[in-house]
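Peer 1: Sharing a structure here in structure tokens format.
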Amino acid sequence: MSEKIRVTVWNEYRHEKAEEKIGKIYPEGIHRVLADYFDGDDKYEVKTATLDEPQHGLTDEVLNNTDVLFWWGHMAHHEVDDQIVEKVQNRVLNGMGLIVLHSGHHSKIFRKLMGTSCNLKWRVADEKERLWVVEPGHPITEGIGEYIELPKEEMYGEQFEIPSPDELVFISWFEGGEVCRSGCVFNRGRGKIFYFRPGHEEYPTFYNEDIKKVLINAANYVAPVKRGDSRPEYAVNVSEPLEKIKEKE
């Protein structure tokens, strides 16, 4: 696309306001840190939205002018309005990119697009995480070495009940021994989804330079190739065939 990539960063923005420890790590919210990734780069146009705004900040105008939507949620998945979820799903199917972060695996929108429970094992024990790059030639891993090491993170472990990804980019290993598919690309309709596992609110993960690099790469990768076209409607009665059908004797 020759136009700017229009990014909207959506965040529940509850933990940061409710818990002093987390507020000190992300004083203006996780969404502000993510939005700041794109500051100073004219390639992007960035806005933020949060759960407690009218329509969760995801009005028709906002969604229709979003090429890539970031999604971070955790403690209030159930509060997201189903009508908003339907609208986000429709935008993804028509080409909008979606980047789902950490506990967003249990968000209504991710589960709806996956069609599974998205359940997994988890544990908070300040353990080291090593995200291994399994597709070194993938655009999302550009500028990343063999792995990213995080000194403290929440463990997510298999079995992670998601469909097999169309592209598996990262696998995580944790100090306690578990592993998890941690960087997964899914194609849905005309849109791309990237699920990225790191980002527990109790740790400063989103300040890590490699995490920043991955998420900027991901925004470029899932952005729509072109705008404006809606996907074809297949559930219609096609009365006129493309070719002449031979009459049966």
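Ligands are numbered from 1 in the order shown, residues from 1 within each chain, and chains are lettered A, B, ... in the order they appear in the structure tokens.
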Find the residues around region 143-149 of chain A up to 7 Å (only C-alpha atoms counted), leave out those fewer than 2 positions away in its own chain, and share them as JSON, numbers by chain.
Peer 2: {"A": [129, 130, 131, 132, 133, 141, 151, 210]}
Peer 1: Go ahead and save the residues from that selection, with N, CA and C atoms, as a PDB file, in the first residue's frame.
Peer 2:
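Just written: out-v6.pdb:
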```
ATOM      1  N   GLU A 129      11.827 -17.009  29.836  1.00  0.00           N
ATOM      2  CA  GLU A 129      11.219 -17.497  28.599  1.00  0.00           C
ATOM      3  C   GLU A 129      12.206 -17.295  27.457  1.00  0.00           C
ATOM      4  N   ARG A 130      12.336 -18.317  26.639  1.00  0.00           N
ATOM      5  CA  ARG A 130      13.165 -18.204  25.445  1.00  0.00           C
ATOM      6  C   ARG A 130      12.269 -18.473  24.235  1.00  0.00           C
ATOM      7  N   LEU A 131      12.064 -17.428  23.424  1.00  0.00           N
ATOM      8  CA  LEU A 131      11.246 -17.553  22.217  1.00  0.00           C
ATOM      9  C   LEU A 131      12.162 -17.906  21.053  1.00  0.00           C
ATOM     10  N   TRP A 132      12.068 -19.145  20.586  1.00  0.00           N
ATOM     11  CA  TRP A 132      12.906 -19.604  19.487  1.00  0.00           C
ATOM     12  C   TRP A 132      12.261 -19.255  18.154  1.00  0.00           C
ATOM     13  N   VAL A 133      13.066 -18.687  17.261  1.00  0.00           N
ATOM     14  CA  VAL A 133      12.618 -18.404  15.898  1.00  0.00           C
ATOM     15  C   VAL A 133      12.641 -19.706  15.112  1.00  0.00           C
ATOM     16  N   THR A 141      10.222 -11.989  11.642  1.00  0.00           N
ATOM     17  CA  THR A 141      11.455 -12.204  12.418  1.00  0.00           C
ATOM     18  C   THR A 141      12.624 -11.375  11.898  1.00  0.00           C
ATOM     19  N   PRO A 151      13.788 -12.374  30.800  1.00  0.00           N
ATOM     20  CA  PRO A 151      14.219 -12.871  32.119  1.00  0.00           C
ATOM     21  C   PRO A 151      13.067 -13.331  32.999  1.00  0.00           C
ATOM     22  N   ASP A 210      13.563  -6.220  21.218  1.00  0.00           N
ATOM     23  CA  ASP A 210      13.249  -7.289  20.268  1.00  0.00           C
ATOM     24  C   ASP A 210      11.740  -7.500  20.145  1.00  0.00           C
TER      25      ASP A 210
END
```
Peer 1: Fewer than 6 positions away in the same chain doesn't count, so skip those; otherwise give me all residues within 6 Å of region 73-90 of chain A, counting only C-alpha atoms, as an MDAnalysis selection string.
Peer 2: chainID A and resid 12 103:104 107 109
Peer 1: With N, CA and C atoms retained, export the selected residues as an mmCIF file, in the first residue's frame.
Peer 2:
```
data_model
loop_
_atom_site.group_PDB
_atom_site.id
_atom_site.type_symbol
_atom_site.label_atom_id
_atom_site.label_comp_id
_atom_site.auth_asym_id
_atom_site.auth_seq_id
_atom_site.Cartn_x
_atom_site.Cartn_y
_atom_site.Cartn_z
ATOM 1 N N GLU A 12 -7.570 -3.312 27.151
ATOM 2 C CA GLU A 12 -8.581 -3.337 28.221
ATOM 3 C C GLU A 12 -8.373 -2.168 29.197
ATOM 4 N N SER A 103 -2.681 -12.637 26.873
ATOM 5 C CA SER A 103 -3.946 -13.168 27.386
ATOM 6 C C SER A 103 -5.128 -12.865 26.482
ATOM 7 N N GLY A 104 -4.877 -12.140 25.401
ATOM 8 C CA GLY A 104 -5.904 -11.968 24.382
ATOM 9 C C GLY A 104 -6.292 -13.275 23.714
ATOM 10 N N SER A 107 -9.750 -13.830 24.458
ATOM 11 C CA SER A 107 -10.707 -12.780 24.103
ATOM 12 C C SER A 107 -11.818 -13.364 23.238
ATOM 13 N N ILE A 109 -12.991 -12.134 20.519
ATOM 14 C CA ILE A 109 -12.700 -12.051 19.087
ATOM 15 C C ILE A 109 -11.743 -13.154 18.641
#
```
Peer 1: When you look at region 173-186 of chain A with a cut-off of 6 Å (counting only C-alpha atoms), what residues show up, excluding the ones that are within fewer than 6 positions of it in the same chain? I need them as a PDB file with all heavy atoms, in the first residue's frame.
Peer 2:
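Produced file selection.pdb, reproduced below:
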```pdb
ATOM      1  N   GLU A 127       9.516 -16.927  35.655  1.00  0.00           N
ATOM      2  CA  GLU A 127      10.478 -17.788  34.975  1.00  0.00           C
ATOM      3  C   GLU A 127      10.969 -17.213  33.651  1.00  0.00           C
ATOM      4  O   GLU A 127      10.292 -16.434  32.996  1.00  0.00           O
ATOM      5  CB  GLU A 127       9.928 -19.215  34.759  1.00  0.00           C
ATOM      6  CG  GLU A 127       8.502 -19.353  34.455  1.00  0.00           C
ATOM      7  CD  GLU A 127       7.990 -20.781  34.568  1.00  0.00           C
ATOM      8  OE1 GLU A 127       8.632 -21.724  34.088  1.00  0.00           O
ATOM      9  OE2 GLU A 127       6.900 -20.940  35.134  1.00  0.00           O
ATOM     10  N   LYS A 128      12.164 -17.623  33.315  1.00  0.00           N
ATOM     11  CA  LYS A 128      12.770 -17.211  32.046  1.00  0.00           C
ATOM     12  C   LYS A 128      11.998 -17.818  30.889  1.00  0.00           C
ATOM     13  O   LYS A 128      11.575 -18.978  30.937  1.00  0.00           O
ATOM     14  CB  LYS A 128      14.234 -17.653  32.010  1.00  0.00           C
ATOM     15  CG  LYS A 128      14.958 -17.329  30.716  1.00  0.00           C
ATOM     16  CD  LYS A 128      16.469 -17.493  30.860  1.00  0.00           C
ATOM     17  CE  LYS A 128      16.861 -18.925  31.156  1.00  0.00           C
ATOM     18  NZ  LYS A 128      18.328 -19.073  31.294  1.00  0.00           N
ATOM     19  N   GLU A 129      11.827 -17.009  29.836  1.00  0.00           N
ATOM     20  CA  GLU A 129      11.219 -17.497  28.599  1.00  0.00           C
ATOM     21  C   GLU A 129      12.206 -17.295  27.457  1.00  0.00           C
ATOM     22  O   GLU A 129      12.829 -16.247  27.341  1.00  0.00           O
ATOM     23  CB  GLU A 129       9.929 -16.739  28.289  1.00  0.00           C
ATOM     24  CG  GLU A 129       9.308 -17.127  26.952  1.00  0.00           C
ATOM     25  CD  GLU A 129       8.031 -16.382  26.632  1.00  0.00           C
ATOM     26  OE1 GLU A 129       7.657 -15.461  27.392  1.00  0.00           O
ATOM     27  OE2 GLU A 129       7.394 -16.722  25.615  1.00  0.00           O
ATOM     28  N   ARG A 130      12.336 -18.317  26.639  1.00  0.00           N
ATOM     29  CA  ARG A 130      13.165 -18.204  25.445  1.00  0.00           C
ATOM     30  C   ARG A 130      12.269 -18.473  24.235  1.00  0.00           C
ATOM     31  O   ARG A 130      11.750 -19.571  24.068  1.00  0.00           O
ATOM     32  CB  ARG A 130      14.323 -19.194  25.510  1.00  0.00           C
ATOM     33  CG  ARG A 130      15.397 -18.962  24.460  1.00  0.00           C
ATOM     34  CD  ARG A 130      16.605 -19.860  24.725  1.00  0.00           C
ATOM     35  NE  ARG A 130      17.328 -19.438  25.919  1.00  0.00           N
ATOM     36  CZ  ARG A 130      17.858 -20.276  26.806  1.00  0.00           C
ATOM     37  NH1 ARG A 130      17.705 -21.581  26.668  1.00  0.00           N
ATOM     38  NH2 ARG A 130      18.515 -19.813  27.849  1.00  0.00           N
ATOM     39  N   GLY A 157       1.628 -22.934  28.378  1.00  0.00           N
ATOM     40  CA  GLY A 157       2.134 -24.214  27.908  1.00  0.00           C
ATOM     41  C   GLY A 157       1.122 -25.007  27.115  1.00  0.00           C
ATOM     42  O   GLY A 157      -0.094 -24.812  27.239  1.00  0.00           O
ATOM     43  N   GLU A 158       1.642 -25.925  26.319  1.00  0.00           N
ATOM     44  CA  GLU A 158       0.804 -26.856  25.567  1.00  0.00           C
ATOM     45  C   GLU A 158       0.171 -27.884  26.505  1.00  0.00           C
ATOM     46  O   GLU A 158       0.754 -28.211  27.538  1.00  0.00           O
ATOM     47  CB  GLU A 158       1.630 -27.566  24.504  1.00  0.00           C
ATOM     48  CG  GLU A 158       2.275 -26.640  23.477  1.00  0.00           C
ATOM     49  CD  GLU A 158       1.291 -26.036  22.483  1.00  0.00           C
ATOM     50  OE1 GLU A 158       0.131 -26.504  22.424  1.00  0.00           O
ATOM     51  OE2 GLU A 158       1.692 -25.109  21.767  1.00  0.00           O
ATOM     52  N   PRO A 165      -1.600 -23.432  13.135  1.00  0.00           N
ATOM     53  CA  PRO A 165      -1.378 -22.147  12.474  1.00  0.00           C
ATOM     54  C   PRO A 165      -1.036 -22.331  10.993  1.00  0.00           C
ATOM     55  O   PRO A 165      -0.445 -23.337  10.597  1.00  0.00           O
ATOM     56  CB  PRO A 165      -0.186 -21.558  13.236  1.00  0.00           C
ATOM     57  CG  PRO A 165      -0.095 -22.330  14.517  1.00  0.00           C
ATOM     58  CD  PRO A 165      -0.632 -23.686  14.213  1.00  0.00           C
ATOM     59  N   ASP A 166      -1.404 -21.346  10.191  1.00  0.00           N
ATOM     60  CA  ASP A 166      -0.971 -21.352   8.792  1.00  0.00           C
ATOM     61  C   ASP A 166       0.532 -21.113   8.705  1.00  0.00           C
ATOM     62  O   ASP A 166       1.186 -21.610   7.781  1.00  0.00           O
ATOM     63  CB  ASP A 166      -1.735 -20.278   8.009  1.00  0.00           C
ATOM     64  CG  ASP A 166      -3.215 -20.615   7.899  1.00  0.00           C
ATOM     65  OD1 ASP A 166      -3.540 -21.660   7.320  1.00  0.00           O
ATOM     66  OD2 ASP A 166      -4.040 -19.856   8.433  1.00  0.00           O
ATOM     67  N   GLU A 167       1.065 -20.355   9.664  1.00  0.00           N
ATOM     68  CA  GLU A 167       2.507 -20.136   9.747  1.00  0.00           C
ATOM     69  C   GLU A 167       2.894 -20.108  11.223  1.00  0.00           C
ATOM     70  O   GLU A 167       2.327 -19.338  11.994  1.00  0.00           O
ATOM     71  CB  GLU A 167       2.898 -18.810   9.095  1.00  0.00           C
ATOM     72  CG  GLU A 167       2.530 -18.699   7.628  1.00  0.00           C
ATOM     73  CD  GLU A 167       2.682 -17.271   7.129  1.00  0.00           C
ATOM     74  OE1 GLU A 167       3.824 -16.890   6.800  1.00  0.00           O
ATOM     75  OE2 GLU A 167       1.672 -16.551   7.089  1.00  0.00           O
ATOM     76  N   LYS A 192      -5.270 -11.289   7.890  1.00  0.00           N
ATOM     77  CA  LYS A 192      -4.265 -12.071   8.593  1.00  0.00           C
ATOM     78  C   LYS A 192      -4.327 -11.756  10.082  1.00  0.00           C
ATOM     79  O   LYS A 192      -4.531 -10.606  10.482  1.00  0.00           O
ATOM     80  CB  LYS A 192      -2.854 -11.754   8.084  1.00  0.00           C
ATOM     81  CG  LYS A 192      -2.483 -12.388   6.752  1.00  0.00           C
ATOM     82  CD  LYS A 192      -1.002 -12.154   6.473  1.00  0.00           C
ATOM     83  CE  LYS A 192      -0.526 -12.936   5.250  1.00  0.00           C
ATOM     84  NZ  LYS A 192      -1.116 -12.411   4.022  1.00  0.00           N
ATOM     85  N   ILE A 193      -4.112 -12.792  10.898  1.00  0.00           N
ATOM     86  CA  ILE A 193      -4.071 -12.662  12.360  1.00  0.00           C
ATOM     87  C   ILE A 193      -2.695 -13.134  12.814  1.00  0.00           C
ATOM     88  O   ILE A 193      -2.209 -14.186  12.364  1.00  0.00           O
ATOM     89  CB  ILE A 193      -5.152 -13.531  13.018  1.00  0.00           C
ATOM     90  CG1 ILE A 193      -6.544 -13.153  12.502  1.00  0.00           C
ATOM     91  CG2 ILE A 193      -5.094 -13.413  14.545  1.00  0.00           C
ATOM     92  CD1 ILE A 193      -7.574 -14.240  12.718  1.00  0.00           C
ATOM     93  N   PHE A 194      -2.072 -12.368  13.705  1.00  0.00           N
ATOM     94  CA  PHE A 194      -0.827 -12.820  14.335  1.00  0.00           C
ATOM     95  C   PHE A 194      -1.061 -12.873  15.830  1.00  0.00           C
ATOM     96  O   PHE A 194      -1.381 -11.860  16.459  1.00  0.00           O
ATOM     97  CB  PHE A 194       0.328 -11.869  14.018  1.00  0.00           C
ATOM     98  CG  PHE A 194       1.637 -12.273  14.655  1.00  0.00           C
ATOM     99  CD1 PHE A 194       2.190 -13.524  14.410  1.00  0.00           C
ATOM    100  CD2 PHE A 194       2.315 -11.404  15.496  1.00  0.00           C
ATOM    101  CE1 PHE A 194       3.409 -13.905  14.989  1.00  0.00           C
ATOM    102  CE2 PHE A 194       3.534 -11.768  16.079  1.00  0.00           C
ATOM    103  CZ  PHE A 194       4.070 -13.024  15.823  1.00  0.00           C
ATOM    104  N   TYR A 195      -0.936 -14.071  16.405  1.00  0.00           N
ATOM    105  CA  TYR A 195      -0.992 -14.218  17.863  1.00  0.00           C
ATOM    106  C   TYR A 195       0.433 -14.256  18.384  1.00  0.00           C
ATOM    107  O   TYR A 195       1.255 -15.070  17.927  1.00  0.00           O
ATOM    108  CB  TYR A 195      -1.730 -15.494  18.286  1.00  0.00           C
ATOM    109  CG  TYR A 195      -1.607 -15.700  19.782  1.00  0.00           C
ATOM    110  CD1 TYR A 195      -2.332 -14.902  20.658  1.00  0.00           C
ATOM    111  CD2 TYR A 195      -0.707 -16.628  20.316  1.00  0.00           C
ATOM    112  CE1 TYR A 195      -2.171 -15.038  22.035  1.00  0.00           C
ATOM    113  CE2 TYR A 195      -0.541 -16.768  21.676  1.00  0.00           C
ATOM    114  CZ  TYR A 195      -1.276 -15.964  22.535  1.00  0.00           C
ATOM    115  OH  TYR A 195      -1.106 -16.077  23.894  1.00  0.00           O
ATOM    116  N   PHE A 196       0.727 -13.378  19.376  1.00  0.00           N
ATOM    117  CA  PHE A 196       2.063 -13.320  19.975  1.00  0.00           C
ATOM    118  C   PHE A 196       1.930 -13.450  21.473  1.00  0.00           C
ATOM    119  O   PHE A 196       1.281 -12.629  22.124  1.00  0.00           O
ATOM    120  CB  PHE A 196       2.742 -12.008  19.588  1.00  0.00           C
ATOM    121  CG  PHE A 196       4.220 -11.969  19.844  1.00  0.00           C
ATOM    122  CD1 PHE A 196       5.038 -13.024  19.463  1.00  0.00           C
ATOM    123  CD2 PHE A 196       4.800 -10.859  20.434  1.00  0.00           C
ATOM    124  CE1 PHE A 196       6.419 -12.975  19.674  1.00  0.00           C
ATOM    125  CE2 PHE A 196       6.174 -10.800  20.649  1.00  0.00           C
ATOM    126  CZ  PHE A 196       6.981 -11.863  20.272  1.00  0.00           C
ATOM    127  N   ARG A 197       2.558 -14.485  22.047  1.00  0.00           N
ATOM    128  CA  ARG A 197       2.318 -14.889  23.413  1.00  0.00           C
ATOM    129  C   ARG A 197       2.825 -13.953  24.514  1.00  0.00           C
ATOM    130  O   ARG A 197       2.138 -13.763  25.525  1.00  0.00           O
ATOM    131  CB  ARG A 197       2.936 -16.291  23.619  1.00  0.00           C
ATOM    132  CG  ARG A 197       2.432 -17.031  24.840  1.00  0.00           C
ATOM    133  CD  ARG A 197       3.551 -17.732  25.574  1.00  0.00           C
ATOM    134  NE  ARG A 197       4.466 -16.781  26.142  1.00  0.00           N
ATOM    135  CZ  ARG A 197       4.254 -16.134  27.291  1.00  0.00           C
ATOM    136  NH1 ARG A 197       3.165 -16.338  27.985  1.00  0.00           N
ATOM    137  NH2 ARG A 197       5.135 -15.267  27.747  1.00  0.00           N
TER     138      ARG A 197
END
```
Peer 1: Could you pull out all residues of region 2-159 of chain A with a DSSP call of strand (DSSP E or B) and give them as a PyMOL selection string?
Peer 2: chain A and resi 5-11+44-50+68-72+97-101+121-133+147-157
Peer 1: So, counting only C-alpha atoms, which residue among A:Leu242, A:Leu120, A:Ile162, A:Val9 is closest to Leu58 (chain A)?
Peer 2: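 The answer is A:Val9, which sits nearest to Leu58 (chain A).
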Peer 1: Extract, using only C-alpha atoms, all DNA, RNA and protein residues at most 12 Å from region 36-45 of chain A, discarding same-chain residues fewer than 4 positions from it, and format them as a PyMOL selection string.
Peer 2: chain A and resi 1-9+28-32+65-69+206-217+219-220+223
